[in-house]
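Novice: See final29.pdb below, with PDB, C-alpha atoms, pLDDT in the B column.
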ATOM      1  CA  SER A 170     202.867  92.265  42.979  1.00 44.00           C
ATOM      2  CA  SER A 171     200.065  89.813  43.436  1.00 46.00           C
ATOM      3  CA  SER A 172     198.379  89.046  46.694  1.00 46.00           C
ATOM      4  CA  SER A 173     198.433  85.481  47.857  1.00 46.00           C
ATOM      5  CA  SER A 174     195.195  83.767  48.660  1.00 46.00           C
ATOM      6  CA  SER A 175     194.784  81.422  51.543  1.00 47.00           C
ATOM      7  CA  SER A 176     195.214  77.840  50.550  1.00 46.00           C
ATOM      8  CA  SER A 177     192.230  75.609  51.033  1.00 46.00           C
ATOM      9  CA  SER A 178     191.071  72.303  49.748  1.00 47.00           C
ATOM     10  CA  SER A 179     188.919  72.563  46.625  1.00 52.00           C
ATOM     11  CA  SER A 180     186.521  70.002  48.083  1.00 56.00           C
ATOM     12  CA  SER A 181     185.774  71.976  51.260  1.00 62.00           C
ATOM     13  CA  TYR A 182     182.580  73.985  51.266  1.00 60.00           C
ATOM     14  CA  VAL A 183     182.696  77.702  51.982  1.00 62.00           C
ATOM     15  CA  ASP A 184     179.325  79.353  52.507  1.00 62.00           C
ATOM     16  CA  HIS A 185     178.962  82.069  49.885  1.00 56.00           C
ATOM     17  CA  SER A 186     175.158  82.094  49.990  1.00 56.00           C
ATOM     18  CA  HIS A 187     175.185  85.850  50.492  1.00 56.00           C
ATOM     19  CA  LEU A 188     176.736  86.128  47.014  1.00 54.00           C
ATOM     20  CA  TYR A 189     174.547  83.826  44.979  1.00 51.00           C
ATOM     21  CA  ASN A 190     171.297  84.167  46.879  1.00 55.00           C
ATOM     22  CA  ASN A 191     168.946  81.648  45.198  1.00 57.00           C
ATOM     23  CA  THR A 192     171.422  80.292  42.672  1.00 59.00           C
ATOM     24  CA  TYR A 193     171.978  76.532  42.689  1.00 62.00           C
ATOM     25  CA  HIS A 194     175.324  75.493  44.083  1.00 62.00           C
ATOM     26  CA  PRO A 195     176.098  71.753  44.073  1.00 69.00           C
ATOM     27  CA  GLN A 196     178.035  71.794  47.365  1.00 70.00           C
ATOM     28  CA  ALA A 197     175.575  73.954  49.289  1.00 68.00           C
ATOM     29  CA  PRO A 198     173.826  72.183  52.156  1.00 72.00           C
ATOM     30  CA  GLU A 199     170.130  71.528  51.789  1.00 73.00           C
ATOM     31  CA  PRO A 200     168.169  74.359  53.486  1.00 69.00           C
ATOM     32  CA  ASN A 201     166.018  73.553  56.505  1.00 72.00           C
ATOM     33  CA  TYR A 202     162.451  74.542  55.673  1.00 68.00           C
ATOM     34  CA  THR A 203     160.869  72.975  58.764  1.00 73.00           C
ATOM     35  CA  ASP A 204     161.184  76.192  60.767  1.00 73.00           C
ATOM     36  CA  LEU A 205     159.077  78.208  58.331  1.00 73.00           C
ATOM     37  CA  GLY A 206     155.717  77.081  59.668  1.00 77.00           C
ATOM     38  CA  PRO A 207     152.928  75.111  58.035  1.00 80.00           C
ATOM     39  CA  THR A 208     152.902  74.750  54.272  1.00 80.00           C
ATOM     40  CA  THR A 209     150.243  73.961  51.719  1.00 85.00           C
ATOM     41  CA  LYS A 210     150.769  72.111  48.481  1.00 89.00           C
ATOM     42  CA  LEU A 211     149.566  74.265  45.559  1.00 92.00           C
ATOM     43  CA  ASN A 212     149.472  73.894  41.823  1.00 93.00           C
ATOM     44  CA  LEU A 213     151.146  76.622  39.762  1.00 92.00           C
ATOM     45  CA  PHE A 214     147.912  78.550  39.042  1.00 92.00           C
ATOM     46  CA  THR A 215     146.929  78.626  42.708  1.00 93.00           C
ATOM     47  CA  ALA A 216     150.434  79.630  43.799  1.00 93.00           C
ATOM     48  CA  ILE A 217     150.515  82.552  41.348  1.00 94.00           C
ATOM     49  CA  ASN A 218     147.036  83.667  42.398  1.00 95.00           C
ATOM     50  CA  SER A 219     147.982  83.423  46.083  1.00 94.00           C
ATOM     51  CA  ALA A 220     151.201  85.406  45.535  1.00 94.00           C
ATOM     52  CA  MET A 221     149.342  88.189  43.720  1.00 95.00           C
ATOM     53  CA  GLN A 222     146.666  88.237  46.408  1.00 96.00           C
ATOM     54  CA  THR A 223     149.339  88.533  49.102  1.00 94.00           C
ATOM     55  CA  ALA A 224     151.095  91.325  47.208  1.00 95.00           C
ATOM     56  CA  MET A 225     147.871  93.270  46.828  1.00 96.00           C
ATOM     57  CA  LYS A 226     146.839  92.768  50.467  1.00 96.00           C
ATOM     58  CA  THR A 227     150.196  93.885  51.839  1.00 95.00           C
ATOM     59  CA  ASP A 228     150.966  96.697  49.373  1.00 94.00           C
ATOM     60  CA  PRO A 229     148.258  99.325  48.798  1.00 95.00           C
ATOM     61  CA  THR A 230     150.138 100.606  45.725  1.00 95.00           C
ATOM     62  CA  ALA A 231     150.011  97.219  43.975  1.00 96.00           C
ATOM     63  CA  ILE A 232     147.893  97.100  40.833  1.00 97.00           C
ATOM     64  CA  MET A 233     147.359  94.308  38.330  1.00 96.00           C
ATOM     65  CA  PHE A 234     146.648  94.836  34.670  1.00 97.00           C
ATOM     66  CA  GLY A 235     146.803  92.944  31.419  1.00 95.00           C
ATOM     67  CA  GLU A 236     144.688  91.266  28.802  1.00 91.00           C
ATOM     68  CA  ASP A 237     141.568  89.741  30.381  1.00 92.00           C
ATOM     69  CA  VAL A 238     142.890  89.840  33.958  1.00 94.00           C
ATOM     70  CA  ALA A 239     139.646  91.384  35.217  1.00 93.00           C
ATOM     71  CA  PHE A 240     137.884  88.201  34.098  1.00 91.00           C
ATOM     72  CA  GLY A 241     140.433  85.877  35.698  1.00 91.00           C
ATOM     73  CA  GLY A 242     142.932  85.762  32.833  1.00 88.00           C
ATOM     74  CA  VAL A 243     143.309  83.149  30.155  1.00 87.00           C
ATOM     75  CA  PHE A 244     144.905  80.739  32.652  1.00 88.00           C
ATOM     76  CA  ARG A 245     142.620  81.857  35.539  1.00 90.00           C
ATOM     77  CA  CYS A 246     145.608  83.127  37.563  1.00 92.00           C
ATOM     78  CA  SER A 247     143.897  86.396  38.453  1.00 95.00           C
ATOM     79  CA  GLN A 248     140.577  84.789  39.303  1.00 94.00           C
ATOM     80  CA  ASP A 249     138.542  86.664  41.963  1.00 95.00           C
ATOM     81  CA  LEU A 250     141.169  89.405  42.405  1.00 96.00           C
ATOM     82  CA  ARG A 251     138.986  92.109  40.831  1.00 97.00           C
ATOM     83  CA  GLU A 252     136.116  91.244  43.169  1.00 97.00           C
ATOM     84  CA  GLU A 253     138.417  91.432  46.190  1.00 97.00           C
ATOM     85  CA  PHE A 254     140.475  94.528  45.306  1.00 97.00           C
ATOM     86  CA  GLY A 255     138.200  96.467  42.961  1.00 96.00           C
ATOM     87  CA  GLU A 256     138.268  97.625  39.378  1.00 95.00           C
ATOM     88  CA  GLY A 257     140.701 100.428  40.196  1.00 96.00           C
ATOM     89  CA  ARG A 258     143.430  97.938  41.096  1.00 97.00           C
ATOM     90  CA  VAL A 259     142.691  95.012  38.756  1.00 97.00           C
ATOM     91  CA  PHE A 260     141.792  96.006  35.215  1.00 97.00           C
ATOM     92  CA  ASN A 261     142.031  95.008  31.581  1.00 96.00           C
ATOM     93  CA  THR A 262     144.306  96.650  29.047  1.00 95.00           C
ATOM     94  CA  PRO A 263     144.215  96.732  25.256  1.00 93.00           C
ATOM     95  CA  LEU A 264     146.048  94.030  23.310  1.00 90.00           C
ATOM     96  CA  SER A 265     149.394  95.795  23.492  1.00 92.00           C
ATOM     97  CA  GLU A 266     152.260  93.975  25.143  1.00 92.00           C
ATOM     98  CA  ASN A 267     154.496  96.989  24.537  1.00 92.00           C
ATOM     99  CA  GLY A 268     151.912  99.146  26.326  1.00 93.00           C
ATOM    100  CA  ILE A 269     151.615  96.734  29.260  1.00 94.00           C
ATOM    101  CA  ALA A 270     155.384  96.721  29.762  1.00 93.00           C
ATOM    102  CA  GLY A 271     155.560 100.496  29.358  1.00 92.00           C
ATOM    103  CA  MET A 272     152.786 101.064  31.881  1.00 94.00           C
ATOM    104  CA  ALA A 273     154.413  98.702  34.370  1.00 93.00           C
ATOM    105  CA  ILE A 274     157.748 100.504  34.023  1.00 91.00           C
ATOM    106  CA  GLY A 275     156.145 103.931  34.385  1.00 90.00           C
ATOM    107  CA  TYR A 276     154.031 102.959  37.378  1.00 92.00           C
ATOM    108  CA  ALA A 277     156.968 101.290  39.126  1.00 89.00           C
ATOM    109  CA  SER A 278     159.196 104.278  38.438  1.00 86.00           C
ATOM    110  CA  ALA A 279     156.629 106.454  40.212  1.00 87.00           C
ATOM    111  CA  GLY A 280     156.883 104.240  43.307  1.00 88.00           C
ATOM    112  CA  GLY A 281     154.025 101.793  42.792  1.00 92.00           C
ATOM    113  CA  THR A 282     154.046  98.034  42.490  1.00 94.00           C
ATOM    114  CA  ALA A 283     152.974  96.961  39.020  1.00 95.00           C
ATOM    115  CA  ILE A 284     151.856  93.435  38.178  1.00 96.00           C
ATOM    116  CA  GLY A 285     151.543  93.360  34.412  1.00 94.00           C
ATOM    117  CA  GLU A 286     150.367  90.146  32.790  1.00 93.00           C
ATOM    118  CA  ILE A 287     151.361  89.130  29.308  1.00 90.00           C
ATOM    119  CA  GLN A 288     149.336  86.043  28.459  1.00 86.00           C
ATOM    120  CA  PHE A 289     151.813  83.950  26.504  1.00 87.00           C
ATOM    121  CA  GLY A 290     155.605  83.871  26.513  1.00 85.00           C
ATOM    122  CA  ASP A 291     155.702  84.317  22.741  1.00 87.00           C
ATOM    123  CA  TYR A 292     154.139  87.759  23.150  1.00 86.00           C
ATOM    124  CA  ILE A 293     156.913  89.142  25.344  1.00 88.00           C
ATOM    125  CA  PHE A 294     158.997  90.028  22.290  1.00 88.00           C
ATOM    126  CA  PRO A 295     157.029  93.181  21.397  1.00 85.00           C
ATOM    127  CA  ALA A 296     157.589  94.321  24.987  1.00 89.00           C
ATOM    128  CA  PHE A 297     161.368  93.968  24.695  1.00 88.00           C
ATOM    129  CA  ASP A 298     161.581  97.517  23.365  1.00 86.00           C
ATOM    130  CA  GLN A 299     160.264  98.859  26.656  1.00 88.00           C
ATOM    131  CA  ILE A 300     162.290  96.413  28.748  1.00 88.00           C
ATOM    132  CA  VAL A 301     165.626  96.911  26.962  1.00 87.00           C
ATOM    133  CA  ASN A 302     165.411 100.549  25.906  1.00 86.00           C
ATOM    134  CA  GLU A 303     163.462 102.032  28.807  1.00 84.00           C
ATOM    135  CA  MET A 304     163.546  99.927  31.955  1.00 85.00           C
ATOM    136  CA  ALA A 305     167.165  98.799  31.721  1.00 83.00           C
ATOM    137  CA  LYS A 306     168.356 102.373  31.215  1.00 81.00           C
ATOM    138  CA  PHE A 307     165.945 104.118  33.559  1.00 77.00           C
ATOM    139  CA  ARG A 308     168.426 104.247  36.392  1.00 72.00           C
ATOM    140  CA  TYR A 309     170.431 106.703  34.316  1.00 73.00           C
ATOM    141  CA  ALA A 310     167.455 108.868  33.360  1.00 68.00           C
ATOM    142  CA  ARG A 311     167.548 112.569  34.070  1.00 57.00           C
ATOM    143  CA  VAL A 312     164.241 114.064  35.134  1.00 57.00           C
ATOM    144  CA  GLU A 313     163.878 117.699  36.219  1.00 55.00           C
ATOM    145  CA  SER A 314     167.590 118.067  36.982  1.00 49.00           C
ATOM    146  CA  LEU A 315     167.561 115.022  39.264  1.00 50.00           C
ATOM    147  CA  PHE A 316     169.496 111.872  38.594  1.00 50.00           C
ATOM    148  CA  PHE A 317     167.817 108.696  39.742  1.00 50.00           C
ATOM    149  CA  VAL A 318     170.208 105.924  40.750  1.00 50.00           C
ATOM    150  CA  PHE A 319     168.531 102.886  42.258  1.00 52.00           C
TER     151      PHE A 319
END
Would you encode the structure as structure tokens?
Specialist:
Amino acid sequence: SSSSSSSSSSSSYVDHSHLYNNTYHPQAPEPNYTDLGPTTKLNLFTAINSAMQTAMKTDPTAIMFGEDVAFGGVFRCSQDLREEFGEGRVFNTPLSENGIAGMAIGYASAGGTAIGEIQFGDYIFPAFDQIVNEMAKFRYARVESLFFVF
């Protein structure tokens, strides 16, 4: 036997925002951002830098690493972060996207917040091994007779 669903008009809007979080929905009402306080218009570089700065200020476990990030990065997104948070939290890595992804996964699995930078989108492909074969399956990993389920 099948359960009957309540009949409703297909044009009426039902708020399912708890299901799709930040997903676009054409019938969703426009959110009211006026209650969030003052805002500042930023370009993408400044917004990324500000977000990383906020993460590192609010989370003492947050570290940032990647190719040339200690010098500000190729797009200057990590500019001045090493001076503010020190060389122990913002540091360069070798040219190894697979290593950057692997380090980020390992550090995060130990409870830290890892911000790993891979300079160009085309270079993410070598890191797919770590992302697909390690990170995606980590929740099922068995370590010292403990099962981790996140």
Novice: To test your reading of the syntax: which residues would the PyMOL selection byres ((chain A and resi 221-237) around 10) return for the file shown? Reply as a PyMOL selection string.
Specialist: chain A and resi 215-220+238-251+253-266+268-270+272-273+276-277+280-288
Novice: Could you tell me how far CA of Phe289 (chain A) lies from CA of Asn302 (chain A), in Å and to one decimal?
Specialist: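 These two atoms are separated by 21.5 Å.
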Novice: For CA of Arg308 (chain A) and CA of Pro295 (chain A), quote the distance in Å rounded to one decimal.
Specialist: 21.8 Å
Novice: Which centre and which edge lengths, in Å to one decimal, describe the axis-aligned box that holds all listed atoms of region 251-255 of chain A after 3 Å is added on each side, as lines of an AutoDock Vina configuration file?
Specialist:
center_x = 138.3
center_y = 93.9
center_z = 43.5
size_x = 10.4
size_y = 11.2
size_z = 11.4
Novice: For a cutoff of 6 Å around the file-coordinate point (159.3, 96.0, 23.2), which residues qualify once you count all atoms listed in the file? I'd like the result as a CSV table (one decimal) with C-alpha atoms, keeping the file's coordinate frame.
Specialist:
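Written file, part_16.csv:
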chain,number,residue,atom,x,y,z
A,267,ASN,CA,154.5,97.0,24.5
A,295,PRO,CA,157.0,93.2,21.4
A,296,ALA,CA,157.6,94.3,25.0
A,297,PHE,CA,161.4,94.0,24.7
A,298,ASP,CA,161.6,97.5,23.4
A,299,GLN,CA,160.3,98.9,26.7
Novice: What does the distance between CA of Ala305 (chain A) and CA of Phe214 (chain A) come to in Å, to one decimal place?
Specialist: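 So the answer is 28.9 Å.
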Novice: Using all atoms listed in the file, can you tell me which of A:Tyr309, A:Met304, A:Thr203, A:Leu213 comes closest to Ser278 (chain A)?
Specialist: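 Once distances to Ser278 (chain A) are computed over all atoms listed in the file, the minimum belongs to A:Met304.
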Novice: Output requested as an mmCIF file, keeping the file's coordinate frame - region 280-291 of chain A, filled out with all heavy atoms.
Specialist:
data_model
loop_
_atom_site.group_PDB
_atom_site.id
_atom_site.type_symbol
_atom_site.label_atom_id
_atom_site.label_comp_id
_atom_site.auth_asym_id
_atom_site.auth_seq_id
_atom_site.Cartn_x
_atom_site.Cartn_y
_atom_site.Cartn_z
ATOM 1 N N GLY A 280 156.920 104.749 41.943
ATOM 2 C CA GLY A 280 156.883 104.240 43.307
ATOM 3 C C GLY A 280 155.850 103.175 43.580
ATOM 4 O O GLY A 280 155.768 102.667 44.692
ATOM 5 N N GLY A 281 155.043 102.814 42.590
ATOM 6 C CA GLY A 281 154.025 101.793 42.792
ATOM 7 C C GLY A 281 154.537 100.402 42.481
ATOM 8 O O GLY A 281 155.628 100.226 41.955
ATOM 9 N N THR A 282 153.734 99.413 42.824
ATOM 10 C CA THR A 282 154.046 98.034 42.490
ATOM 11 C C THR A 282 153.137 97.605 41.358
ATOM 12 O O THR A 282 151.917 97.572 41.520
ATOM 13 C CB THR A 282 153.842 97.111 43.708
ATOM 14 O OG1 THR A 282 154.712 97.545 44.754
ATOM 15 C CG2 THR A 282 154.126 95.662 43.372
ATOM 16 N N ALA A 283 153.730 97.319 40.218
ATOM 17 C CA ALA A 283 152.974 96.961 39.020
ATOM 18 C C ALA A 283 153.065 95.463 38.771
ATOM 19 O O ALA A 283 154.154 94.901 38.770
ATOM 20 C CB ALA A 283 153.530 97.719 37.821
ATOM 21 N N ILE A 284 151.913 94.837 38.580
ATOM 22 C CA ILE A 284 151.856 93.435 38.178
ATOM 23 C C ILE A 284 151.216 93.422 36.798
ATOM 24 O O ILE A 284 150.003 93.508 36.668
ATOM 25 C CB ILE A 284 151.035 92.582 39.168
ATOM 26 C CG1 ILE A 284 151.557 92.740 40.589
ATOM 27 C CG2 ILE A 284 151.036 91.118 38.734
ATOM 28 C CD1 ILE A 284 150.651 92.138 41.656
ATOM 29 N N GLY A 285 152.035 93.371 35.783
ATOM 30 C CA GLY A 285 151.543 93.360 34.412
ATOM 31 C C GLY A 285 151.559 91.946 33.863
ATOM 32 O O GLY A 285 152.575 91.268 33.940
ATOM 33 N N GLU A 286 150.437 91.509 33.323
ATOM 34 C CA GLU A 286 150.367 90.146 32.790
ATOM 35 C C GLU A 286 150.410 90.162 31.273
ATOM 36 O O GLU A 286 149.630 90.851 30.625
ATOM 37 C CB GLU A 286 149.094 89.436 33.235
ATOM 38 C CG GLU A 286 149.067 87.991 32.724
ATOM 39 C CD GLU A 286 147.690 87.364 32.735
ATOM 40 O OE1 GLU A 286 147.239 87.000 33.819
ATOM 41 O OE2 GLU A 286 147.086 87.256 31.652
ATOM 42 N N ILE A 287 151.325 89.390 30.740
ATOM 43 C CA ILE A 287 151.361 89.130 29.308
ATOM 44 C C ILE A 287 151.011 87.654 29.164
ATOM 45 O O ILE A 287 151.681 86.791 29.736
ATOM 46 C CB ILE A 287 152.732 89.489 28.715
ATOM 47 C CG1 ILE A 287 152.921 90.996 28.846
ATOM 48 C CG2 ILE A 287 152.847 89.019 27.279
ATOM 49 C CD1 ILE A 287 154.211 91.542 28.354
ATOM 50 N N GLN A 288 149.952 87.370 28.425
ATOM 51 C CA GLN A 288 149.336 86.043 28.459
ATOM 52 C C GLN A 288 150.250 84.898 28.057
ATOM 53 O O GLN A 288 150.248 83.856 28.688
ATOM 54 C CB GLN A 288 148.092 86.029 27.579
ATOM 55 C CG GLN A 288 146.971 86.836 28.142
ATOM 56 C CD GLN A 288 145.714 86.746 27.300
ATOM 57 O OE1 GLN A 288 145.720 86.232 26.192
ATOM 58 N NE2 GLN A 288 144.633 87.264 27.824
ATOM 59 N N PHE A 289 150.999 85.045 27.012
ATOM 60 C CA PHE A 289 151.813 83.950 26.504
ATOM 61 C C PHE A 289 153.256 84.419 26.349
ATOM 62 O O PHE A 289 153.509 85.560 25.975
ATOM 63 C CB PHE A 289 151.283 83.459 25.158
ATOM 64 C CG PHE A 289 149.882 82.940 25.230
ATOM 65 C CD1 PHE A 289 148.823 83.752 24.865
ATOM 66 C CD2 PHE A 289 149.616 81.661 25.672
ATOM 67 C CE1 PHE A 289 147.520 83.286 24.931
ATOM 68 C CE2 PHE A 289 148.322 81.191 25.753
ATOM 69 C CZ PHE A 289 147.267 81.997 25.385
ATOM 70 N N GLY A 290 154.196 83.535 26.614
ATOM 71 C CA GLY A 290 155.605 83.871 26.513
ATOM 72 C C GLY A 290 156.005 84.381 25.140
ATOM 73 O O GLY A 290 156.878 85.237 25.016
ATOM 74 N N ASP A 291 155.366 83.873 24.094
ATOM 75 C CA ASP A 291 155.702 84.317 22.741
ATOM 76 C C ASP A 291 155.399 85.791 22.521
ATOM 77 O O ASP A 291 155.954 86.408 21.624
ATOM 78 C CB ASP A 291 154.937 83.501 21.702
ATOM 79 C CG ASP A 291 155.379 82.051 21.674
ATOM 80 O OD1 ASP A 291 156.472 81.760 22.199
ATOM 81 O OD2 ASP A 291 154.635 81.215 21.142
#
